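A quick write-up on the structure given underneath.
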Amino acid sequence: MSPAPWRRQARAATVPTPEAAVPASRQAMPRQTRAAPGTGATPAGPGPGVPVPVLTARGLSAGYGEGGPAVRDLDLDLCPGEIVTLLGPNGAGKTTTLLALSGALRPRTGVVRWAGRVTTAPLHQRARAGLALVPEDRSVIMELTVRENLRLGAADADLALETFPELAGHLDRRAGLLSGGQQQMVALARALARRPAALLADELSLGLAPQIAERLLGVVRAAADGGLAVLLVEQHVRSALAVADRVIVLRHGQVAWSGPAEQARADPDVLVGAYLPLA
Amino acid sequence: MGYALLSLGTGALYALVATGVVAVQRGAGVLNMAQGALLAWSAYAFHGAHTTWGLPVALAAVLAVGSTMAIGLVFHHLVLRPMRQATAVLRLMATLGLLIVIQSSLTLMYGGEVRNSPTVLPTSKVTLFDTAVGLDVFVRLAVVAAVVAGLWAVFRFTTLGLAATAVTENARAAATLGWSPDTVASWAWLAGSALAGLGGVLLAPLQNPLSAGGLMLLIVPGLAVALVARFRSLPVVLGAALALAVVELEIQVNLIADHPAWRGLDRAVPLAVIVFYLAVRGRGIPDRGHVADRHPSLGSGRVHWRALGITVAAALAALWWLLPAAWVNALNANAIWATIIISVVVLVGFTGQLSLAQLAFSGTAALIAGRLVAIQGWPLEAALVVGVAGTAVVGVLFALPALRTRGLQLAVVTLGLGAAVDALLFQRGYHSPAPPSPFGDLFGDLARLEGTEVGDTTLFGISLDKVAHPRGFATLSLLSFVLLGLIVANLRRGRAGRRLIAVRTNERAAAALGISVVGAKIYAFALSAAIAGFGGVLYAFYAFGERGNIDYGAGLFSPFASILLIAYAVVGGVGWISGAFAGATMAAEALATRFGAWAGSLLERVGAVLRVLLAAVAALVGLVVGRAAAPREQPHLASAAAAGGSARRGAAHRIGRLLPWLCAAVFAGVALALGGRVIDWLADLDRYVPLIGGLVLVVVLSRSGGGMAPENARNARRVLDRHFPRAVERRLAADGVRVSRLLGPAAPAAPAAPVAPAVPARGADLPAGPATGPLRQVGAVAYPARPATLSVWGLSVRFGAVEAIRSVDLRVEPGQIVGVIGPNGAGKTTVIDAITGYTSSVSSSLMLGETRLDRLPPHLRARAGISRSFQNLELFEDLTVLENIQAACDPRDARAYLGDLVFPRSRPLPAAAAAAVEAFGLREDLLRTVSELSYGRRRLLAIARAVATCPSVLLLDEPCAGLDETESAGVAALLRRLADHWNLGILLNEHDMEVVMRICDQIVVLDGGEVIARGTPGQIRVDPRVRSAYLGTSAPVAAAVGRTRQ
């Protein structure tokens, strides 16, 4: 397989800090000038070599309507080059966390920082500043062709094809006519080809065949190795564990367990207690 | 062929309107009903700028298009942007507000005279197919085709166009790509209003002389064409618009020219298109994704007899002994409009069916009654009865499309119906001599020049002549409004009203409680049509009674009047009967207009004095402002200034002293100069009432307020409570009496020893209440169980090509809790939807006891004894807890639909419902509305409501979602007791594994739509298949990652 395209980006920016990653993403997006204050710009971070989080949350609570908060008091750091996986049963608050971090949902309390600066910008502004979100529902625009989908995201079509060569024959087909797996590939390719600094992906593999899921997660892993910061929400614990660096388990909207993925891989039972109280 | 050429201009006009509608819909997600009105604005602005201001044609055209675009953009930013979160129907109503504002402005600015749009195109003619056709037609068509093609290219090829498609399809996905829905919407409004502007300049001359009403109604064919194109394809828009115009013209030429009796049929063609596309394609029950709309607030329907008596007596006294005739007539008009608005309260307020054709009902009744009086010589009393009954039948016909449409679509259908009825029935000119028609005198024409001659007509012995007998007529109108108000208040309190409100809030939930959605809608339309019809007869006589003949085509019953009616109803408070009267004040010739005229004439009379007063006030204000602005002398400044020199200090000091007086003089001068203008303007206040009405509507909607009535009711109660301390006590006592009448006396305090010590106490964060009460009382309350076993064999559901669940077998016995678990997307909710009839399914057997369920619609399955809850509760938010319970357990008899109007009996709750109230500890919340309850209490109420239907089997969809751990444990224990003590079978779909493992007898594990395991909690706990369903398998992914990393 050809070297992952993100490596190039990582090479250009020798230190995978947000200062490097964010401007790289800005070049691809001419509409950048309208980004909200505090979403781009250079933070005063520590020296090179120390991983500086792209995205952080402190004391984050969020929820819908008049119900109680679906996420309570969450602290989270997302650094370049790492994959953090959010696990937890249905309704534990994983998707809510993702939406609140990406600006699609206004947090009730707490602070979200992007590249070191506090941000309250809405989703579309964060997207322009280099945050990529792949929401749970198939987020390709079904009525448009694959090429148009890529173009809409100001995504580099060549880069997208390099990531998923299997899409090459489908560029001019309507996305609605593709299989579920191909649609999800388009969604992921579109997100990655924007050269984002951080990727938040919700249930990438939902309803997909295991081979496709493994393919998608493999691509995400490669992107992370190239310097991308990734936050994954997954239901299929083992597949998620296989690619993750760190794991956070949510339960009733709070962190029930967190730690390095190796520990969870070595001993899945540390999760079972928090995640699936079968015993 | 030749005629078809003639229709090209009209076709181009339709195409332009439809393209504008499509552009706004695609880019901004708003159905813009004001597209025709914007076009009218542009046409009049063009005319005004050229003819009145004498600008050159090109400049006038630029001004017309520019001002139209400005209106569109400002409207989007000021009104629609704040309404981002509002439902589509509310945003549609906001565009109706824009329509009213434009329409009223045009009437104010250009009303009266005949106006012609300037001609910008060549007027020479060419002869094709033996028909002389103006060259301009081809120019117009070419321009429109070019514009449509250009816009098509924008949507197809530019990134902005792609973004418009993306935002409409999936706003969040578009945002993840950096597209703000707002930006796209702004562009869409700009494009849409530019198209309207262009249409006004280029195509309005086709409709010379200009008619704002006619241009506004272009929206109807525009919508029809947009529908054919599915609000998407612009080439189809162009084709369909041209085709529509050809069909209309052919009907005119080939049918109407020979058979004048069919007059108006050409204008009914768009309606036929609309009904075909919407009603034939509509669906019975909304899908799972359907968001529950937020509805306008509802009155309680309780009558405050004392206040009502005093008000009516005072009004009658004023009517007979105090008010001059002009005011009496204003009150009369007010009462009549209020009567018609009551029909809106029933249909829109209670039942949630937005109808833009209410005055078509009124006109139909007036037409039937008037023709019967004029031709058959019937007394009005009999004609009125026939007219109202006939209109009720028409209402049922109108309801048919409503059965398959809702919300936006229904608004479009009814707008089309209103326009068609206007064209077919009211615009026939019943006064012109006409050739004989097969319909005879009744439906055809009188061979007289006069209109429908009714002569001096009396109703119940009262002359309907507002000039000769204003007081008698006004008394009749006022009393009939009060009577109808009382009838509808009865409806609101009775079980028939609860059915309507259940349907309005949520058709799914209503059906889940066994309410027939179809029956409720038909009833609401029939009743509403009858009320509107009654008001319409009075209205026709109010307008024409003193003339003795009725002109139905005078615009009284036009679609625009129907739109105004909805606006007044919303401004007044559409769920409130008192709001009907309040809203009606803004109607034509009603109290607000009268007040405006009175205030205007008063102002004129005291104008000079007022100007002096205004100047004096302004001078005073100026003085104060000047004081505040003048530099103050402060000690440290003074000493510093002393060092700087006394000359400068002196100058500053003088200015400081003079400044207030200077200000006062300037202010007074400005006030004197402007005062005259303002007073002149105020003197015409009455003419501005409709405009103000439109503006108020827009404000009410964008602030999502409930209108005037709820506000008034709150204020009245506050005043009452302050001045009569005993009122509160009395109210509480009355509430207590009501509750115990329905429920029997309060149960004695439960024994101190809890039945279930093992159950943890409910969370401390719940509001004060019977913390452990529910759990204690389940065992203590008798419940009339009707045990039956639910058995499901081979249940499968397909969504298109995807098999959502495959061959699922289930069995829920009385007293048993069966849990359904599985990862996200495993098909758990689909199982419940399939059993309750919300999705079509295939099964070898679906039985409850001895009853086959699979052929029954949802509401009959519910009546058979299966009751469900919903993940998102779907409670009736605007009703009280009691009414929610009642809505669940009311008998479903049809008799209530008539009986409740006269005497809404509130019978005691049935045993099951009473037991549910006691067991769930809801007694002291009974009279609170759902929106006052905490989230935890709402969850309980949702289960209680399902239990109150006295089911054999409960199907609960995620009853613990959103609850914290202690609350979940409380609900879990409650469910267990429902099964143990009341012998209910429960199918529990729940993600909280602790709850499932603790209370279930049997667990069924779904994965990918198939049952992968079943057994007791003990068996499931150790089943390796369950573990792997949840945790997934690891081998392939690890291998893939390894490959990628190499």
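Letters A, B, ... go to the chains of the structure tokens in the order shown; residues in each chain start at 1; ligands are counted from 1 in the same order.
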
Enumerate, in order of chain and increasing residue number, the residues of chain A with an atom no farther than 8 Å from chain B, each with its shortest atom pair and distance in Å to one decimal, counting only C-alpha atoms, as a tab-separated table.
residue	atom	partner	partner_atom	distance
A:Met1	CA	B:Thr1044	CA	7.7
A:Glu66	CA	B:Tyr935	CA	6.9
A:Gly67	CA	B:Tyr935	CA	5.6
A:Gly68	CA	B:Gly962	CA	6.4
A:Pro69	CA	B:Gly962	CA	7.9
A:Ala70	CA	B:Gly962	CA	6.8
A:Pro89	CA	B:His991	CA	7.1
A:Asn90	CA	B:His991	CA	6.0
A:Gly91	CA	B:Ala961	CA	7.0
A:Ala104	CA	B:Arg172	CA	7.6
A:Leu123	CA	B:Ala175	CA	5.9
A:His124	CA	B:Gly178	CA	4.1
A:Gln125	CA	B:Gly178	CA	6.1
A:Arg126	CA	B:Gly178	CA	7.5
A:Ala127	CA	B:Gly178	CA	4.9
A:Arg128	CA	B:Gly178	CA	5.0
A:Ala132	CA	B:Thr176	CA	6.4
A:Leu133	CA	B:Thr176	CA	5.7
A:Val134	CA	B:Thr176	CA	7.5
A:Pro135	CA	B:Ala173	CA	7.3
A:Ser139	CA	B:Ala173	CA	5.2
A:Val140	CA	B:Ala173	CA	7.1
A:Ile141	CA	B:Ala166	CA	5.8
A:Met142	CA	B:Glu169	CA	7.9
A:Glu143	CA	B:Thr165	CA	7.6
A:Leu144	CA	B:Leu162	CA	7.6
A:Glu148	CA	B:Leu162	CA	7.2
A:Arg151	CA	B:Thr159	CA	7.2
A:Leu152	CA	B:Thr159	CA	5.9
A:Gly153	CA	B:Leu177	CA	4.8
A:Ala154	CA	B:Leu177	CA	7.7
A:Ala191	CA	B:Leu177	CA	7.8
A:Leu206	CA	B:Gly825	CA	7.8
A:Gly207	CA	B:Gly825	CA	7.4
A:Pro210	CA	B:Pro1036	CA	7.7
A:Gln211	CA	B:Pro1036	CA	7.5
A:Ala213	CA	B:Val1037	CA	8.0
A:Glu214	CA	B:Val1037	CA	4.9
A:Arg215	CA	B:Ala1040	CA	6.9
A:Leu217	CA	B:Val1041	CA	7.8
A:Gly218	CA	B:Val1041	CA	5.2
A:Val219	CA	B:Thr1044	CA	7.6
A:Arg221	CA	B:Val1041	CA	7.3
A:Ala222	CA	B:Thr1044	CA	6.7
A:Gln235	CA	B:Tyr1030	CA	7.2
A:His236	CA	B:Gly1032	CA	4.8
A:Val237	CA	B:Leu1031	CA	4.6
A:Arg238	CA	B:Ser1034	CA	4.8
A:Ser239	CA	B:Ser1034	CA	5.5
A:Ala242	CA	B:Ala1038	CA	5.4
A:Val243	CA	B:Val1041	CA	6.8
A:His252	CA	B:Asp964	CA	6.8
A:Leu276	CA	B:Met993	CA	6.7
A:Pro277	CA	B:Met993	CA	6.3
A:Leu278	CA	B:Arg1021	CA	5.0
A:Ala279	CA	B:Arg1021	CA	6.4

Residues within 8 Å of region 412-428 of chain B, only C-alpha atoms, excluding chain neighbours under 5 positions, as JSON, numbers by chain = {"B": [217, 220, 223, 262, 263, 264, 265, 267, 268, 270, 271, 274, 275, 278, 355, 356, 357, 358, 359, 360, 363, 364, 398, 401, 552, 553, 557, 558, 559, 562]}

Pull C-alpha atoms from the residues just selected and write them as a PDB file, in the first residue's frame.
ATOM      1  CA  LEU B 217     -52.707  34.292  -5.639  1.00  0.00           C
ATOM      2  CA  VAL B 220     -51.313  28.706  -5.915  1.00  0.00           C
ATOM      3  CA  LEU B 223     -47.037  25.792  -5.594  1.00  0.00           C
ATOM      4  CA  TRP B 262     -68.269  26.029 -15.802  1.00  0.00           C
ATOM      5  CA  ARG B 263     -66.761  29.403 -15.152  1.00  0.00           C
ATOM      6  CA  GLY B 264     -63.836  29.210 -12.756  1.00  0.00           C
ATOM      7  CA  LEU B 265     -62.976  25.637 -13.629  1.00  0.00           C
ATOM      8  CA  ARG B 267     -58.587  28.180 -11.950  1.00  0.00           C
ATOM      9  CA  ALA B 268     -59.314  24.915 -10.195  1.00  0.00           C
ATOM     10  CA  PRO B 270     -53.804  23.933  -9.910  1.00  0.00           C
ATOM     11  CA  LEU B 271     -55.868  22.606  -7.031  1.00  0.00           C
ATOM     12  CA  ILE B 274     -51.971  19.886  -5.649  1.00  0.00           C
ATOM     13  CA  VAL B 275     -54.513  17.439  -4.299  1.00  0.00           C
ATOM     14  CA  LEU B 278     -50.193  15.679  -1.848  1.00  0.00           C
ATOM     15  CA  SER B 355     -56.485  25.403   7.184  1.00  0.00           C
ATOM     16  CA  LEU B 356     -56.225  28.400   4.876  1.00  0.00           C
ATOM     17  CA  ALA B 357     -59.749  28.000   3.566  1.00  0.00           C
ATOM     18  CA  GLN B 358     -61.948  28.896   6.529  1.00  0.00           C
ATOM     19  CA  LEU B 359     -63.762  31.702   4.742  1.00  0.00           C
ATOM     20  CA  ALA B 360     -64.533  29.342   1.895  1.00  0.00           C
ATOM     21  CA  GLY B 363     -68.961  31.741   1.930  1.00  0.00           C
ATOM     22  CA  THR B 364     -70.414  28.348   1.080  1.00  0.00           C
ATOM     23  CA  PHE B 398     -62.114  19.136   2.785  1.00  0.00           C
ATOM     24  CA  PRO B 401     -57.067  15.401   1.814  1.00  0.00           C
ATOM     25  CA  TYR B 552     -70.459  36.868  -3.055  1.00  0.00           C
ATOM     26  CA  GLY B 553     -67.646  37.888  -5.369  1.00  0.00           C
ATOM     27  CA  PHE B 557     -64.691  35.173   1.208  1.00  0.00           C
ATOM     28  CA  SER B 558     -61.441  35.377  -0.751  1.00  0.00           C
ATOM     29  CA  PRO B 559     -58.375  33.286   0.106  1.00  0.00           C
ATOM     30  CA  SER B 562     -58.881  33.352   5.038  1.00  0.00           C
TER      31      SER B 562
END

query = Quick one: distance from CA of Ile835 (chain B) to CA of Arg868 (chain B) in Å, one decimal?
reply = 9.8 Å

key: Secondary structure check, strand (DSSP E) residues of region 25-269 of chain A, as a ChimeraX atom specification   = /A:55-62,71-78,83-87,109-114,117-118,131-134,198-202,229-233,246-251,254-260

Let me see the file: selected residues, C-alpha atoms, as a PDB file, in the first residue's frame.
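Resulting contents of selection_17.pdb:
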ATOM      1  CA  LEU A  55      -9.103  19.791  21.527  1.00  0.00           C
ATOM      2  CA  THR A  56      -9.757  19.844  25.241  1.00  0.00           C
ATOM      3  CA  ALA A  57     -12.848  19.818  27.376  1.00  0.00           C
ATOM      4  CA  ARG A  58     -13.107  20.746  31.023  1.00  0.00           C
ATOM      5  CA  GLY A  59     -16.172  20.134  33.153  1.00  0.00           C
ATOM      6  CA  LEU A  60     -18.310  19.625  30.081  1.00  0.00           C
ATOM      7  CA  SER A  61     -22.028  18.960  30.594  1.00  0.00           C
ATOM      8  CA  ALA A  62     -24.526  18.773  27.776  1.00  0.00           C
ATOM      9  CA  VAL A  71     -23.031  14.055  29.769  1.00  0.00           C
ATOM     10  CA  ARG A  72     -21.847  15.323  33.114  1.00  0.00           C
ATOM     11  CA  ASP A  73     -18.616  16.977  34.077  1.00  0.00           C
ATOM     12  CA  LEU A  74     -16.423  15.468  31.407  1.00  0.00           C
ATOM     13  CA  ASP A  75     -12.696  16.226  31.116  1.00  0.00           C
ATOM     14  CA  LEU A  76     -10.962  15.195  27.930  1.00  0.00           C
ATOM     15  CA  ASP A  77      -7.749  15.953  26.024  1.00  0.00           C
ATOM     16  CA  LEU A  78      -7.185  15.034  22.420  1.00  0.00           C
ATOM     17  CA  ILE A  83      -6.823   7.822  18.838  1.00  0.00           C
ATOM     18  CA  VAL A  84      -9.068   8.107  21.841  1.00  0.00           C
ATOM     19  CA  THR A  85     -12.039   5.761  21.844  1.00  0.00           C
ATOM     20  CA  LEU A  86     -15.239   6.506  23.707  1.00  0.00           C
ATOM     21  CA  LEU A  87     -17.014   3.341  24.770  1.00  0.00           C
ATOM     22  CA  THR A 109     -21.590  24.117  31.438  1.00  0.00           C
ATOM     23  CA  GLY A 110     -17.884  23.659  30.961  1.00  0.00           C
ATOM     24  CA  VAL A 111     -15.335  24.835  28.467  1.00  0.00           C
ATOM     25  CA  VAL A 112     -14.143  23.517  25.112  1.00  0.00           C
ATOM     26  CA  ARG A 113     -10.751  24.644  23.856  1.00  0.00           C
ATOM     27  CA  TRP A 114      -9.640  24.388  20.265  1.00  0.00           C
ATOM     28  CA  ARG A 117      -8.308  28.820  22.896  1.00  0.00           C
ATOM     29  CA  VAL A 118     -11.750  28.702  24.417  1.00  0.00           C
ATOM     30  CA  LEU A 131     -12.262  20.028  12.935  1.00  0.00           C
ATOM     31  CA  ALA A 132     -13.772  17.119  11.043  1.00  0.00           C
ATOM     32  CA  LEU A 133     -16.933  15.479  12.326  1.00  0.00           C
ATOM     33  CA  VAL A 134     -18.399  12.315  10.862  1.00  0.00           C
ATOM     34  CA  ALA A 198      -8.853  16.583  14.516  1.00  0.00           C
ATOM     35  CA  LEU A 199     -11.373  13.960  13.517  1.00  0.00           C
ATOM     36  CA  LEU A 200     -14.438  13.113  15.593  1.00  0.00           C
ATOM     37  CA  ALA A 201     -16.177  10.034  14.230  1.00  0.00           C
ATOM     38  CA  ASP A 202     -19.424   8.561  15.520  1.00  0.00           C
ATOM     39  CA  ALA A 229      -5.993  13.668  16.498  1.00  0.00           C
ATOM     40  CA  VAL A 230      -8.927  11.242  16.537  1.00  0.00           C
ATOM     41  CA  LEU A 231     -11.864  10.739  18.852  1.00  0.00           C
ATOM     42  CA  LEU A 232     -13.817   7.599  17.965  1.00  0.00           C
ATOM     43  CA  VAL A 233     -17.169   6.510  19.254  1.00  0.00           C
ATOM     44  CA  ARG A 246      -6.529   5.484  24.918  1.00  0.00           C
ATOM     45  CA  VAL A 247      -9.972   4.404  26.039  1.00  0.00           C
ATOM     46  CA  ILE A 248     -12.669   6.255  27.920  1.00  0.00           C
ATOM     47  CA  VAL A 249     -15.740   4.358  29.075  1.00  0.00           C
ATOM     48  CA  LEU A 250     -18.870   6.393  29.715  1.00  0.00           C
ATOM     49  CA  ARG A 251     -21.778   5.261  31.786  1.00  0.00           C
ATOM     50  CA  GLN A 254     -19.916  10.036  33.386  1.00  0.00           C
ATOM     51  CA  VAL A 255     -16.486   8.532  32.965  1.00  0.00           C
ATOM     52  CA  ALA A 256     -16.620   5.037  34.401  1.00  0.00           C
ATOM     53  CA  TRP A 257     -13.115   3.975  33.383  1.00  0.00           C
ATOM     54  CA  SER A 258     -10.292   5.456  31.409  1.00  0.00           C
ATOM     55  CA  GLY A 259      -6.824   4.260  30.607  1.00  0.00           C
ATOM     56  CA  PRO A 260      -4.418   3.135  27.912  1.00  0.00           C
TER      57      PRO A 260
END

message = To test your reading of the structure, identify every residue in region 170-230 of chain A that backbone DSSP assigns to alpha helix (DSSP H), and report it as a list of chain:residue names.
response =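 Residues of region 170-230 of chain A classed as alpha helix (DSSP H): A:Gly180, A:Gly181, A:Gln182, A:Gln183, A:Gln184, A:Met185, A:Val186, A:Ala187, A:Leu188, A:Ala189, A:Arg190, A:Ala191, A:Leu192, A:Pro210, A:Gln211, A:Ile212, A:Ala213, A:Glu214, A:Arg215, A:Leu216, A:Leu217, A:Gly218, A:Val219, A:Val220, A:Arg221, A:Ala222, A:Ala223, A:Ala224, A:Asp225.
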
task = Excluding region 10-12 of chain B and any residue of its chain fewer than 2 positions from it, enumerate the residues within 6 Å of it, using only C-alpha atoms, and give them as a count of residues only.
result = 8

request  = Have a look at A:Leu192, A:Asp158, A:Ala197, A:Asn149 and name the one nearest to Arg174 (chain A); count only C-alpha atoms.
outcome  =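 Checking each of A:Leu192, A:Asp158, A:Ala197, A:Asn149 against Arg174 (chain A), counting only C-alpha atoms, the winner is A:Asn149.
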
Test item: residues at most 8 Å from Ile462 (chain B), only C-alpha atoms, excluding those fewer than 3 positions along its chain, as number ranges by chain = B: 458-459, 472-473, 476

Those residues you just picked out, can you put them in a file as a PDB file, in the first residue's frame with N, CA and C atoms?
ATOM      1  N   THR B 458     -85.086  38.625   8.209  1.00  0.00           N
ATOM      2  CA  THR B 458     -84.998  38.577   9.675  1.00  0.00           C
ATOM      3  C   THR B 458     -84.563  37.200  10.106  1.00  0.00           C
ATOM      4  N   LEU B 459     -83.860  37.162  11.208  1.00  0.00           N
ATOM      5  CA  LEU B 459     -83.480  35.891  11.811  1.00  0.00           C
ATOM      6  C   LEU B 459     -84.001  35.911  13.237  1.00  0.00           C
ATOM      7  N   GLY B 472     -80.237  45.563  17.386  1.00  0.00           N
ATOM      8  CA  GLY B 472     -80.795  44.215  17.411  1.00  0.00           C
ATOM      9  C   GLY B 472     -79.840  43.216  16.761  1.00  0.00           C
ATOM     10  N   PHE B 473     -79.321  43.593  15.614  1.00  0.00           N
ATOM     11  CA  PHE B 473     -78.399  42.713  14.887  1.00  0.00           C
ATOM     12  C   PHE B 473     -77.151  42.436  15.737  1.00  0.00           C
ATOM     13  N   LEU B 476     -77.838  40.042  18.476  1.00  0.00           N
ATOM     14  CA  LEU B 476     -77.919  38.672  17.944  1.00  0.00           C
ATOM     15  C   LEU B 476     -76.513  38.101  17.724  1.00  0.00           C
TER      16      LEU B 476
END

request  = List the neighbours of Ala569 (chain B) out to 8 Å using only C-alpha atoms; skip same-chain residues closer than 2 positions along the sequence, and give me the result as an NGL selection string.
outcome  = :B and (341 or 344-345 or 565-567 or 571-574 or 579-580 or 583-584)

request  = Mind checking which residues fall within 8 Å of Ala913 (chain B), counting only C-alpha atoms, ignoring those fewer than 6 positions away in the same chain, and posting them as a PyMOL selection string?
outcome  = chain B and resi 885-886+889+945+947-950

Output the selection as a PDB file, in the first residue's frame - C-alpha atoms for each residue.
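Result file out_22.pdb:
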ATOM      1  CA  ILE B 885     -54.781  10.079  31.857  1.00  0.00           C
ATOM      2  CA  GLN B 886     -58.337  10.767  30.745  1.00  0.00           C
ATOM      3  CA  CYS B 889     -58.979   5.880  29.368  1.00  0.00           C
ATOM      4  CA  ARG B 945     -50.824   6.748  30.843  1.00  0.00           C
ATOM      5  CA  VAL B 947     -51.286   1.558  32.179  1.00  0.00           C
ATOM      6  CA  ALA B 948     -54.458   3.659  32.393  1.00  0.00           C
ATOM      7  CA  THR B 949     -55.775   2.184  29.156  1.00  0.00           C
ATOM      8  CA  CYS B 950     -56.148  -1.044  31.113  1.00  0.00           C
TER       9      CYS B 950
END

task = Can you work out which one of B:Lys466, B:Arg714, B:Arg499, B:Lys521 has the shortest atom-to-atom distance to Thr405 (chain B), counting only C-alpha atoms?
result =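 Answer, going by the shortest atom-to-atom distance: B:Lys521.
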
inquiry  = When you count only C-alpha atoms, which of these residues is closest to Pro53 (chain A): A:Gly227, A:Ala189, A:Ser179, A:Ala168?
reply    =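 Using only C-alpha atoms, the shortest distance to Pro53 (chain A) belongs to A:Gly227.
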
message = For a quick check of understanding, using only C-alpha atoms, which of A:Gly93, A:Gly180, A:Gly81, A:Pro165 has the smallest distance to Ala244 (chain A)?
response = A:Gly81

request  = Could you check how far CA of Ala188 (chain B) sits from CA of Met69 (chain B), in Å to one decimal?
outcome  =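 Taking CA of Ala188 (chain B) as the start and CA of Met69 (chain B) as the end point, the length is 10.7 Å.
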